[in-house]
Amino acid sequence: MPPHTYQHGDFPLAKVLEAKGERTVSVCIPARDEGSTVGSVVRAVVQPFLARAGGSGLVDEVIVLDDGSSDDTAEQAKDAGATVVRGPLGAGGKGQAMAAALAAAAGDVIVFLDADVANTTPAFVTGMLGPLLLFDHIALVKGVYTRPLHGDPTGGGRVTELVARPVLELLFPELSEVRQPLAGETAAHRWVFEKVGFAGGYGVELALLIDVAAHFGPQSLAQVDLGERIHRNRPLHELRPQAVDVLRAALERAQPPLTGPA
């Protein structure tokens, strides 16, 4: 069964706010050396949604997990209104940063956003929260979007198209319709994250997808179209470590394991 697919416009603020009820929401933003963009990402959440900043109250806290930045990421995030938490020294890796952010957060529902996106909008938050707050059977939500590259409207997401989606199609065909399995825009109930945990490194997003589907079924997944996502596209040589982590996460979860005898 393919994941439930929605548009961010399906979840207007008033509808999502009403569905929130007594639950609390934390938005967590892992960041390393993202001083040029993290402030705008934080403001897209704080200003419309954080009650103490005059927002609607949909979001109860915004946490930036500063994962060993050498630039002004922490200062930019704090100035924009986030609570800044320092990551564990020497831990490294996105999965470890997400685990540290979850440990620092208090919310019943957790939304993860990437810190390097230049065009984050409030619809990223309402869109991701909508399926979780409105539909009891949804356990995990992923963002989907178009990714421009070098002036073309598509072409970004090379690890997604060359590694993540092919390996899902071959080893986990029930997840082959997930369009952005590596999306950093990820949301779930706290208890879901606590149950499945976080894989290390860049394999964390694919591992979450596979693990949630294994525990709760593919029908527990949803994806929400967030429109266009603009961020820094890394040179090819920087993508190999990410591709290795992604492939490792998939192979470790393949049944039967794709390894030789001990």
# chains A, B, ... in the order shown; residues from 1 in each chain; ligands from 1
call {"tool": "residues_around", "arguments": {"residues": "Gly201 (chain A)", "least_positions_apart": "6", "cutoff": "9 Å", "atoms": "only C-alpha atoms", "output": "ChimeraX atom specification"}}
result
/A:92-97,242,245-246
call {"tool": "select_by_dssp", "arguments": {"residues": "region 13-253 of chain A", "states": "strand (DSSP E or B)", "output": "number ranges by chain"}}
result
A: 25-31, 50, 59, 61-66, 83-86, 109-112, 117, 140-146, 148-149, 152-155, 186-189, 221-228, 231
call {"tool": "write_last_selection", "arguments": {"atoms": "N, CA and C atoms", "output": "tab-separated table (two decimals), in the first residue's frame"}}
result
chain	number	residue	atom	x	y	z
A	25	VAL	N	3.96	20.38	20.98
A	25	VAL	CA	4.71	20.21	19.74
A	25	VAL	C	6.08	20.87	19.89
A	26	SER	N	7.11	20.11	19.55
A	26	SER	CA	8.47	20.64	19.50
A	26	SER	C	8.95	20.60	18.05
A	27	VAL	N	9.56	21.68	17.60
A	27	VAL	CA	10.25	21.71	16.31
A	27	VAL	C	11.75	21.68	16.59
A	28	CYS	N	12.42	20.68	16.05
A	28	CYS	CA	13.85	20.48	16.29
A	28	CYS	C	14.62	20.66	14.98
A	29	ILE	N	15.72	21.41	15.06
A	29	ILE	CA	16.50	21.74	13.87
A	29	ILE	C	17.96	21.40	14.14
A	30	PRO	N	18.42	20.22	13.74
A	30	PRO	CA	19.85	19.91	13.87
A	30	PRO	C	20.65	20.79	12.92
A	31	ALA	N	21.78	21.31	13.38
A	31	ALA	CA	22.53	22.26	12.54
A	31	ALA	C	24.02	22.16	12.83
A	50	LEU	N	4.92	30.35	17.72
A	50	LEU	CA	5.32	30.32	19.12
A	50	LEU	C	4.54	31.40	19.89
A	59	VAL	N	3.08	25.65	17.99
A	59	VAL	CA	4.37	25.09	18.40
A	59	VAL	C	4.69	25.58	19.80
A	61	GLU	N	7.81	24.80	21.46
A	61	GLU	CA	9.23	25.12	21.59
A	61	GLU	C	9.93	24.89	20.26
A	62	VAL	N	10.99	25.66	20.03
A	62	VAL	CA	11.83	25.51	18.86
A	62	VAL	C	13.26	25.31	19.36
A	63	ILE	N	13.84	24.16	19.04
A	63	ILE	CA	15.17	23.81	19.50
A	63	ILE	C	16.11	23.69	18.31
A	64	VAL	N	17.23	24.37	18.38
A	64	VAL	CA	18.31	24.15	17.42
A	64	VAL	C	19.39	23.35	18.13
A	65	LEU	N	19.69	22.18	17.60
A	65	LEU	CA	20.74	21.34	18.14
A	65	LEU	C	22.03	21.70	17.40
A	66	ASP	N	22.89	22.46	18.06
A	66	ASP	CA	24.13	22.90	17.43
A	66	ASP	C	25.15	21.78	17.53
A	83	THR	N	15.68	28.02	21.16
A	83	THR	CA	16.49	27.53	22.27
A	83	THR	C	17.62	26.72	21.67
A	84	VAL	N	18.86	27.08	21.98
A	84	VAL	CA	20.02	26.41	21.40
A	84	VAL	C	20.56	25.39	22.40
A	85	VAL	N	20.73	24.17	21.93
A	85	VAL	CA	21.27	23.09	22.73
A	85	VAL	C	22.54	22.61	22.04
A	86	ARG	N	23.61	22.46	22.80
A	86	ARG	CA	24.86	21.97	22.23
A	86	ARG	C	24.80	20.45	22.09
A	109	VAL	N	4.71	15.63	20.14
A	109	VAL	CA	4.89	15.49	18.70
A	109	VAL	C	6.14	16.26	18.31
A	110	ILE	N	6.97	15.64	17.49
A	110	ILE	CA	8.26	16.24	17.13
A	110	ILE	C	8.31	16.44	15.63
A	111	VAL	N	8.67	17.65	15.22
A	111	VAL	CA	8.91	17.97	13.82
A	111	VAL	C	10.39	18.29	13.66
A	112	PHE	N	11.06	17.59	12.76
A	112	PHE	CA	12.45	17.89	12.42
A	112	PHE	C	12.48	18.68	11.11
A	117	VAL	N	17.96	25.02	4.56
A	117	VAL	CA	16.96	25.33	3.54
A	117	VAL	C	16.73	26.84	3.48
A	140	LEU	N	4.35	8.41	10.98
A	140	LEU	CA	5.52	9.15	10.51
A	140	LEU	C	5.13	9.91	9.25
A	141	VAL	N	5.59	11.15	9.16
A	141	VAL	CA	5.32	12.00	8.00
A	141	VAL	C	6.65	12.46	7.41
A	142	LYS	N	6.76	12.37	6.08
A	142	LYS	CA	7.93	12.86	5.36
A	142	LYS	C	7.51	14.00	4.43
A	143	GLY	N	8.38	14.98	4.30
A	143	GLY	CA	8.13	16.02	3.32
A	143	GLY	C	8.54	15.56	1.93
A	144	VAL	N	7.85	16.02	0.92
A	144	VAL	CA	8.26	15.83	-0.47
A	144	VAL	C	8.27	17.20	-1.14
A	145	TYR	N	9.06	17.33	-2.21
A	145	TYR	CA	9.26	18.64	-2.82
A	145	TYR	C	10.03	18.47	-4.11
A	146	THR	N	10.08	19.54	-4.89
A	146	THR	CA	11.00	19.59	-6.03
A	146	THR	C	12.28	20.27	-5.56
A	148	PRO	N	15.58	22.20	-7.19
A	148	PRO	CA	16.28	22.71	-8.37
A	148	PRO	C	17.78	22.48	-8.26
A	149	LEU	N	18.44	22.44	-9.43
A	149	LEU	CA	19.91	22.27	-9.47
A	149	LEU	C	20.44	23.07	-10.65
A	152	ASP	N	18.05	24.57	-13.18
A	152	ASP	CA	16.98	23.70	-13.65
A	152	ASP	C	15.99	23.44	-12.53
A	153	PRO	N	14.70	23.29	-12.83
A	153	PRO	CA	13.70	23.12	-11.77
A	153	PRO	C	13.83	21.81	-11.00
A	154	THR	N	14.50	20.82	-11.60
A	154	THR	CA	14.74	19.56	-10.92
A	154	THR	C	16.20	19.19	-11.11
A	155	GLY	N	16.62	18.10	-10.46
A	155	GLY	CA	17.99	17.65	-10.61
A	155	GLY	C	18.74	17.54	-9.31
A	186	THR	N	10.87	15.73	8.67
A	186	THR	CA	10.36	14.47	9.20
A	186	THR	C	9.60	14.75	10.48
A	187	ALA	N	8.45	14.13	10.66
A	187	ALA	CA	7.67	14.37	11.87
A	187	ALA	C	7.05	13.06	12.35
A	188	ALA	N	6.94	12.93	13.66
A	188	ALA	CA	6.32	11.74	14.25
A	188	ALA	C	5.94	12.04	15.69
A	189	HIS	N	5.11	11.17	16.25
A	189	HIS	CA	4.86	11.22	17.67
A	189	HIS	C	6.15	10.84	18.41
A	221	LEU	N	2.52	5.47	7.18
A	221	LEU	CA	3.36	6.53	6.64
A	221	LEU	C	2.53	7.52	5.83
A	222	ALA	N	2.93	8.77	5.88
A	222	ALA	CA	2.33	9.80	5.03
A	222	ALA	C	3.43	10.68	4.48
A	223	GLN	N	3.18	11.25	3.30
A	223	GLN	CA	4.10	12.25	2.74
A	223	GLN	C	3.29	13.47	2.33
A	224	VAL	N	3.88	14.64	2.54
A	224	VAL	CA	3.19	15.90	2.28
A	224	VAL	C	4.04	16.74	1.34
A	225	ASP	N	3.43	17.17	0.25
A	225	ASP	CA	4.12	17.99	-0.74
A	225	ASP	C	4.27	19.40	-0.20
A	226	LEU	N	5.52	19.84	-0.04
A	226	LEU	CA	5.83	21.16	0.51
A	226	LEU	C	6.21	22.16	-0.57
A	227	GLY	N	6.11	21.77	-1.83
A	227	GLY	CA	6.46	22.68	-2.93
A	227	GLY	C	7.91	22.57	-3.31
A	228	GLU	N	8.57	23.69	-3.48
A	228	GLU	CA	9.98	23.71	-3.88
A	228	GLU	C	10.86	23.91	-2.65
A	231	HIS	N	18.16	24.63	-1.28
A	231	HIS	CA	19.24	24.53	-0.30
A	231	HIS	C	20.57	24.38	-1.02
call {"tool": "atom_distance", "arguments": {"atom1": "CA of Gly184 (chain A)", "atom2": "CA of Asp211 (chain A)"}}
result
16.2 Å
call {"tool": "residues_around", "arguments": {"residues": "Thr73 (chain A)", "least_positions_apart": "5", "cutoff": "7 Å", "atoms": "only C-alpha atoms", "output": "list of chain:residue names"}}
result
A:Asp33, A:Glu34, A:Gly35, A:Val38
call {"tool": "write_last_selection", "arguments": {"atoms": "all heavy atoms", "output": "PDB file, in the first residue's frame"}}
result
ATOM      1  N   ASP A  33      27.286  24.391  11.230  1.00  0.00           N
ATOM      2  CA  ASP A  33      27.827  25.407  10.315  1.00  0.00           C
ATOM      3  C   ASP A  33      26.792  25.863   9.295  1.00  0.00           C
ATOM      4  O   ASP A  33      27.047  25.902   8.091  1.00  0.00           O
ATOM      5  CB  ASP A  33      29.077  24.868   9.604  1.00  0.00           C
ATOM      6  CG  ASP A  33      30.223  24.625  10.569  1.00  0.00           C
ATOM      7  OD1 ASP A  33      30.272  25.296  11.613  1.00  0.00           O
ATOM      8  OD2 ASP A  33      31.065  23.759  10.278  1.00  0.00           O
ATOM      9  N   GLU A  34      25.613  26.238   9.796  1.00  0.00           N
ATOM     10  CA  GLU A  34      24.539  26.724   8.927  1.00  0.00           C
ATOM     11  C   GLU A  34      24.120  28.137   9.327  1.00  0.00           C
ATOM     12  O   GLU A  34      22.948  28.501   9.291  1.00  0.00           O
ATOM     13  CB  GLU A  34      23.326  25.780   9.003  1.00  0.00           C
ATOM     14  CG  GLU A  34      23.610  24.357   8.596  1.00  0.00           C
ATOM     15  CD  GLU A  34      23.978  24.186   7.130  1.00  0.00           C
ATOM     16  OE1 GLU A  34      23.932  25.179   6.379  1.00  0.00           O
ATOM     17  OE2 GLU A  34      24.334  23.054   6.738  1.00  0.00           O
ATOM     18  N   GLY A  35      25.124  28.961   9.703  1.00  0.00           N
ATOM     19  CA  GLY A  35      24.825  30.304  10.160  1.00  0.00           C
ATOM     20  C   GLY A  35      24.140  31.178   9.128  1.00  0.00           C
ATOM     21  O   GLY A  35      23.422  32.118   9.481  1.00  0.00           O
ATOM     22  N   VAL A  38      20.186  29.262   9.121  1.00  0.00           N
ATOM     23  CA  VAL A  38      19.426  28.755  10.264  1.00  0.00           C
ATOM     24  C   VAL A  38      18.491  29.814  10.844  1.00  0.00           C
ATOM     25  O   VAL A  38      17.386  29.494  11.303  1.00  0.00           O
ATOM     26  CB  VAL A  38      20.370  28.193  11.352  1.00  0.00           C
ATOM     27  CG1 VAL A  38      21.194  29.296  12.004  1.00  0.00           C
ATOM     28  CG2 VAL A  38      19.590  27.405  12.400  1.00  0.00           C
TER      29      VAL A  38
END
call {"tool": "closest_atom_pairs", "arguments": {"of": "region 23-61 of chain A", "to": "region 12-16 of chain A", "cutoff": "12 Å", "atoms": "only C-alpha atoms", "output": "tab-separated table"}}
result
residue	atom	partner	partner_atom	distance
A:Arg23	CA	A:Val16	CA	11.6
A:Val25	CA	A:Val16	CA	11.6
A:Pro48	CA	A:Leu13	CA	9.9
A:Phe49	CA	A:Leu13	CA	9.4
A:Gly55	CA	A:Leu13	CA	11.3
A:Ser56	CA	A:Leu13	CA	8.7
A:Gly57	CA	A:Leu13	CA	10.5
A:Leu58	CA	A:Val16	CA	8.0
A:Val59	CA	A:Val16	CA	10.9
call {"tool": "closest_residue", "arguments": {"among": "A:Glu18, A:Leu208, A:Gly81, A:Arg253", "to": "Gly54 (chain A)", "atoms": "only C-alpha atoms"}}
result
A:Gly81
call {"tool": "select_by_dssp", "arguments": {"residues": "region 17-117 of chain A", "states": "helix (DSSP H, G or I)", "output": "compact mmCIF listing (two decimals) with all heavy atoms, in the first residue's frame"}}
result
# COMPACT_ATOMS: atom_id res chain seq x y z
N LEU A 17 -4.49 23.53 14.30
CA LEU A 17 -4.49 24.03 15.68
C LEU A 17 -5.62 23.41 16.48
O LEU A 17 -5.44 23.01 17.64
CB LEU A 17 -4.60 25.55 15.67
CG LEU A 17 -4.36 26.29 16.98
CD1 LEU A 17 -2.98 25.98 17.54
CD2 LEU A 17 -4.53 27.79 16.77
N GLU A 18 -6.79 23.28 15.87
CA GLU A 18 -7.92 22.64 16.56
C GLU A 18 -7.61 21.18 16.87
O GLU A 18 -7.94 20.67 17.94
CB GLU A 18 -9.18 22.75 15.72
CG GLU A 18 -10.41 22.14 16.38
CD GLU A 18 -11.65 22.23 15.50
OE1 GLU A 18 -11.54 22.67 14.33
OE2 GLU A 18 -12.74 21.86 15.99
N ALA A 19 -6.97 20.49 15.92
CA ALA A 19 -6.66 19.07 16.12
C ALA A 19 -5.57 18.84 17.16
O ALA A 19 -5.46 17.75 17.73
CB ALA A 19 -6.24 18.45 14.78
N LYS A 20 -4.76 19.85 17.41
CA LYS A 20 -3.66 19.71 18.38
C LYS A 20 -4.18 19.37 19.76
O LYS A 20 -3.61 18.52 20.46
CB LYS A 20 -2.84 20.99 18.41
CG LYS A 20 -1.71 20.95 19.43
CD LYS A 20 -1.04 22.30 19.60
CE LYS A 20 0.02 22.26 20.70
NZ LYS A 20 0.58 23.59 20.98
N VAL A 38 20.19 29.26 9.12
CA VAL A 38 19.43 28.76 10.26
C VAL A 38 18.49 29.81 10.84
O VAL A 38 17.39 29.49 11.30
CB VAL A 38 20.37 28.19 11.35
CG1 VAL A 38 21.19 29.30 12.00
CG2 VAL A 38 19.59 27.41 12.40
N GLY A 39 18.89 31.08 10.80
CA GLY A 39 18.03 32.13 11.34
C GLY A 39 16.70 32.23 10.62
O GLY A 39 15.64 32.36 11.26
N SER A 40 16.73 32.15 9.30
CA SER A 40 15.47 32.25 8.54
C SER A 40 14.59 31.02 8.76
O SER A 40 13.36 31.12 8.78
CB SER A 40 15.76 32.44 7.05
OG SER A 40 16.40 31.31 6.49
N VAL A 41 15.21 29.85 8.95
CA VAL A 41 14.43 28.64 9.25
C VAL A 41 13.73 28.80 10.59
O VAL A 41 12.54 28.52 10.73
CB VAL A 41 15.35 27.39 9.25
CG1 VAL A 41 14.54 26.16 9.67
CG2 VAL A 41 15.97 27.17 7.88
N VAL A 42 14.46 29.26 11.59
CA VAL A 42 13.88 29.45 12.93
C VAL A 42 12.75 30.48 12.88
O VAL A 42 11.67 30.26 13.45
CB VAL A 42 14.97 29.88 13.93
CG1 VAL A 42 14.34 30.31 15.26
CG2 VAL A 42 15.96 28.74 14.15
N ARG A 43 12.98 31.59 12.22
CA ARG A 43 11.94 32.64 12.18
C ARG A 43 10.67 32.15 11.50
O ARG A 43 9.56 32.58 11.86
CB ARG A 43 12.49 33.88 11.47
CG ARG A 43 13.42 34.71 12.35
CD ARG A 43 13.78 36.04 11.70
NE ARG A 43 14.67 35.84 10.57
CZ ARG A 43 16.00 35.77 10.65
NH1 ARG A 43 16.58 35.90 11.84
NH2 ARG A 43 16.73 35.60 9.58
N ALA A 44 10.80 31.26 10.50
CA ALA A 44 9.61 30.73 9.82
C ALA A 44 8.73 29.91 10.76
O ALA A 44 7.56 29.67 10.46
CB ALA A 44 10.04 29.88 8.62
N VAL A 45 9.30 29.50 11.90
CA VAL A 45 8.54 28.72 12.88
C VAL A 45 8.15 29.58 14.07
O VAL A 45 7.00 29.58 14.52
CB VAL A 45 9.37 27.51 13.37
CG1 VAL A 45 8.54 26.66 14.34
CG2 VAL A 45 9.84 26.66 12.20
N VAL A 46 9.10 30.36 14.59
CA VAL A 46 8.87 31.14 15.81
C VAL A 46 7.79 32.19 15.61
O VAL A 46 6.83 32.29 16.40
CB VAL A 46 10.19 31.79 16.27
CG1 VAL A 46 9.92 32.85 17.34
CG2 VAL A 46 11.15 30.73 16.81
N GLN A 47 7.93 33.00 14.58
CA GLN A 47 7.04 34.15 14.43
C GLN A 47 5.57 33.77 14.25
O GLN A 47 4.70 34.34 14.91
CB GLN A 47 7.53 35.04 13.30
CG GLN A 47 8.87 35.71 13.63
CD GLN A 47 9.45 36.50 12.47
OE1 GLN A 47 8.90 36.52 11.37
NE2 GLN A 47 10.58 37.14 12.72
N PRO A 48 5.23 32.78 13.42
CA PRO A 48 3.81 32.46 13.27
C PRO A 48 3.24 31.53 14.34
O PRO A 48 2.03 31.52 14.56
CB PRO A 48 3.73 31.79 11.89
CG PRO A 48 5.08 31.21 11.68
CD PRO A 48 6.05 32.10 12.39
N PHE A 49 4.09 30.74 15.00
CA PHE A 49 3.56 29.64 15.79
C PHE A 49 3.89 29.66 17.28
O PHE A 49 3.20 29.01 18.07
CB PHE A 49 4.07 28.31 15.23
CG PHE A 49 3.70 28.06 13.80
CD1 PHE A 49 4.64 27.66 12.87
CD2 PHE A 49 2.39 28.22 13.37
CE1 PHE A 49 4.30 27.42 11.56
CE2 PHE A 49 2.03 27.99 12.05
CZ PHE A 49 3.00 27.59 11.14
N ALA A 51 3.80 30.99 20.90
CA ALA A 51 2.92 31.92 21.61
C ALA A 51 3.70 33.07 22.23
O ALA A 51 3.25 34.22 22.18
CB ALA A 51 2.13 31.17 22.68
N ARG A 52 4.87 32.81 22.80
CA ARG A 52 5.61 33.88 23.47
C ARG A 52 6.15 34.91 22.48
O ARG A 52 6.57 36.01 22.87
CB ARG A 52 6.75 33.30 24.30
CG ARG A 52 7.83 32.56 23.51
CD ARG A 52 8.97 32.16 24.43
NE ARG A 52 9.94 31.29 23.79
CZ ARG A 52 10.89 31.69 22.96
NH1 ARG A 52 10.99 32.98 22.65
NH2 ARG A 52 11.74 30.81 22.43
N ALA A 53 6.15 34.56 21.17
CA ALA A 53 6.57 35.51 20.14
C ALA A 53 5.37 36.13 19.44
O ALA A 53 5.52 36.80 18.42
CB ALA A 53 7.47 34.81 19.13
N THR A 73 26.36 29.72 13.89
CA THR A 73 25.05 29.04 13.88
C THR A 73 24.30 29.26 15.19
O THR A 73 23.11 29.62 15.18
CB THR A 73 25.25 27.53 13.64
OG1 THR A 73 25.66 27.32 12.29
CG2 THR A 73 23.96 26.76 13.87
N ALA A 74 24.94 29.04 16.32
CA ALA A 74 24.26 29.16 17.61
C ALA A 74 23.75 30.58 17.83
O ALA A 74 22.61 30.78 18.27
CB ALA A 74 25.20 28.74 18.73
N GLU A 75 24.56 31.58 17.52
CA GLU A 75 24.16 32.97 17.73
C GLU A 75 22.99 33.35 16.83
O GLU A 75 22.04 34.01 17.28
CB GLU A 75 25.36 33.90 17.47
CG GLU A 75 26.47 33.79 18.49
CD GLU A 75 27.37 32.57 18.30
OE1 GLU A 75 27.24 31.88 17.25
OE2 GLU A 75 28.20 32.30 19.18
N GLN A 76 23.05 32.94 15.56
CA GLN A 76 21.97 33.25 14.63
C GLN A 76 20.66 32.59 15.07
O GLN A 76 19.58 33.19 15.01
CB GLN A 76 22.34 32.80 13.22
CG GLN A 76 23.47 33.58 12.58
CD GLN A 76 23.07 35.01 12.26
OE1 GLN A 76 21.90 35.33 12.09
NE2 GLN A 76 24.07 35.89 12.20
N ALA A 77 20.75 31.35 15.53
CA ALA A 77 19.55 30.63 15.97
C ALA A 77 18.95 31.28 17.21
O ALA A 77 17.72 31.45 17.31
CB ALA A 77 19.91 29.17 16.25
N LYS A 78 19.79 31.65 18.17
CA LYS A 78 19.30 32.28 19.39
C LYS A 78 18.66 33.62 19.09
O LYS A 78 17.59 33.96 19.61
CB LYS A 78 20.44 32.43 20.39
CG LYS A 78 20.01 33.01 21.72
CD LYS A 78 21.18 33.09 22.69
CE LYS A 78 20.74 33.68 24.04
NZ LYS A 78 21.89 33.78 24.98
N ASP A 79 19.31 34.42 18.24
CA ASP A 79 18.77 35.74 17.89
C ASP A 79 17.41 35.62 17.21
O ASP A 79 16.57 36.52 17.32
CB ASP A 79 19.74 36.48 16.97
CG ASP A 79 20.99 36.96 17.71
OD1 ASP A 79 21.00 36.93 18.96
OD2 ASP A 79 21.96 37.34 17.03
N ALA A 80 17.20 34.52 16.49
CA ALA A 80 15.92 34.32 15.78
C ALA A 80 14.83 33.78 16.70
O ALA A 80 13.67 33.71 16.28
CB ALA A 80 16.13 33.37 14.61
N LYS A 94 24.34 12.92 11.64
CA LYS A 94 22.99 13.46 11.73
C LYS A 94 22.11 12.64 12.66
O LYS A 94 21.30 13.19 13.40
CB LYS A 94 22.36 13.53 10.34
CG LYS A 94 21.00 14.22 10.36
CD LYS A 94 20.39 14.40 8.99
CE LYS A 94 19.07 15.17 9.13
NZ LYS A 94 18.40 15.35 7.83
N GLY A 95 22.24 11.33 12.60
CA GLY A 95 21.41 10.50 13.47
C GLY A 95 21.65 10.80 14.93
O GLY A 95 20.70 10.90 15.73
N GLN A 96 22.92 10.97 15.31
CA GLN A 96 23.25 11.30 16.70
C GLN A 96 22.70 12.68 17.07
O GLN A 96 22.23 12.88 18.20
CB GLN A 96 24.76 11.26 16.90
CG GLN A 96 25.36 9.86 16.79
CD GLN A 96 25.73 9.45 15.37
OE1 GLN A 96 25.19 9.98 14.39
NE2 GLN A 96 26.66 8.51 15.25
N ALA A 97 22.74 13.63 16.13
CA ALA A 97 22.21 14.96 16.40
C ALA A 97 20.69 14.91 16.59
O ALA A 97 20.14 15.60 17.46
CB ALA A 97 22.57 15.91 15.25
N MET A 98 20.01 14.12 15.79
CA MET A 98 18.56 14.00 15.95
C MET A 98 18.20 13.35 17.29
O MET A 98 17.25 13.76 17.96
CB MET A 98 17.97 13.20 14.79
CG MET A 98 18.02 13.94 13.47
SD MET A 98 17.43 12.96 12.04
CE MET A 98 15.66 12.88 12.40
N ALA A 99 18.98 12.36 17.70
CA ALA A 99 18.73 11.72 18.99
C ALA A 99 18.93 12.71 20.13
O ALA A 99 18.15 12.74 21.10
CB ALA A 99 19.64 10.50 19.17
N ALA A 100 19.98 13.54 20.04
CA ALA A 100 20.23 14.54 21.06
C ALA A 100 19.13 15.59 21.09
O ALA A 100 18.72 16.06 22.17
CB ALA A 100 21.59 15.20 20.83
N ALA A 101 18.63 15.97 19.93
CA ALA A 101 17.53 16.94 19.87
C ALA A 101 16.27 16.37 20.51
O ALA A 101 15.56 17.07 21.26
CB ALA A 101 17.26 17.33 18.42
N LEU A 102 15.97 15.11 20.23
CA LEU A 102 14.80 14.48 20.84
C LEU A 102 14.93 14.45 22.36
O LEU A 102 13.97 14.73 23.08
CB LEU A 102 14.61 13.07 20.30
CG LEU A 102 13.41 12.30 20.88
CD1 LEU A 102 12.10 12.91 20.42
CD2 LEU A 102 13.48 10.82 20.48
N ALA A 103 16.12 14.13 22.86
CA ALA A 103 16.34 14.08 24.29
C ALA A 103 16.15 15.45 24.94
O ALA A 103 15.70 15.54 26.10
CB ALA A 103 17.74 13.55 24.59
N ALA A 104 16.45 16.51 24.20
CA ALA A 104 16.32 17.86 24.74
C ALA A 104 14.90 18.41 24.63
O ALA A 104 14.54 19.36 25.33
CB ALA A 104 17.28 18.81 24.02
call {"tool": "closest_residue", "arguments": {"among": "A:Glu174, A:Ile210, A:Leu113, A:Val192", "to": "Leu251 (chain A)", "atoms": "only C-alpha atoms"}}
result
A:Ile210
call {"tool": "closest_residue", "arguments": {"among": "A:Ser70, A:Glu185, A:Arg248, A:Glu205", "to": "Val125 (chain A)", "atoms": "only C-alpha atoms"}}
result
A:Glu185
call {"tool": "closest_residue", "arguments": {"among": "A:Asp72, A:Asp114, A:Glu194, A:Asp60", "to": "Ile230 (chain A)", "atoms": "only C-alpha atoms"}}
result
A:Asp114
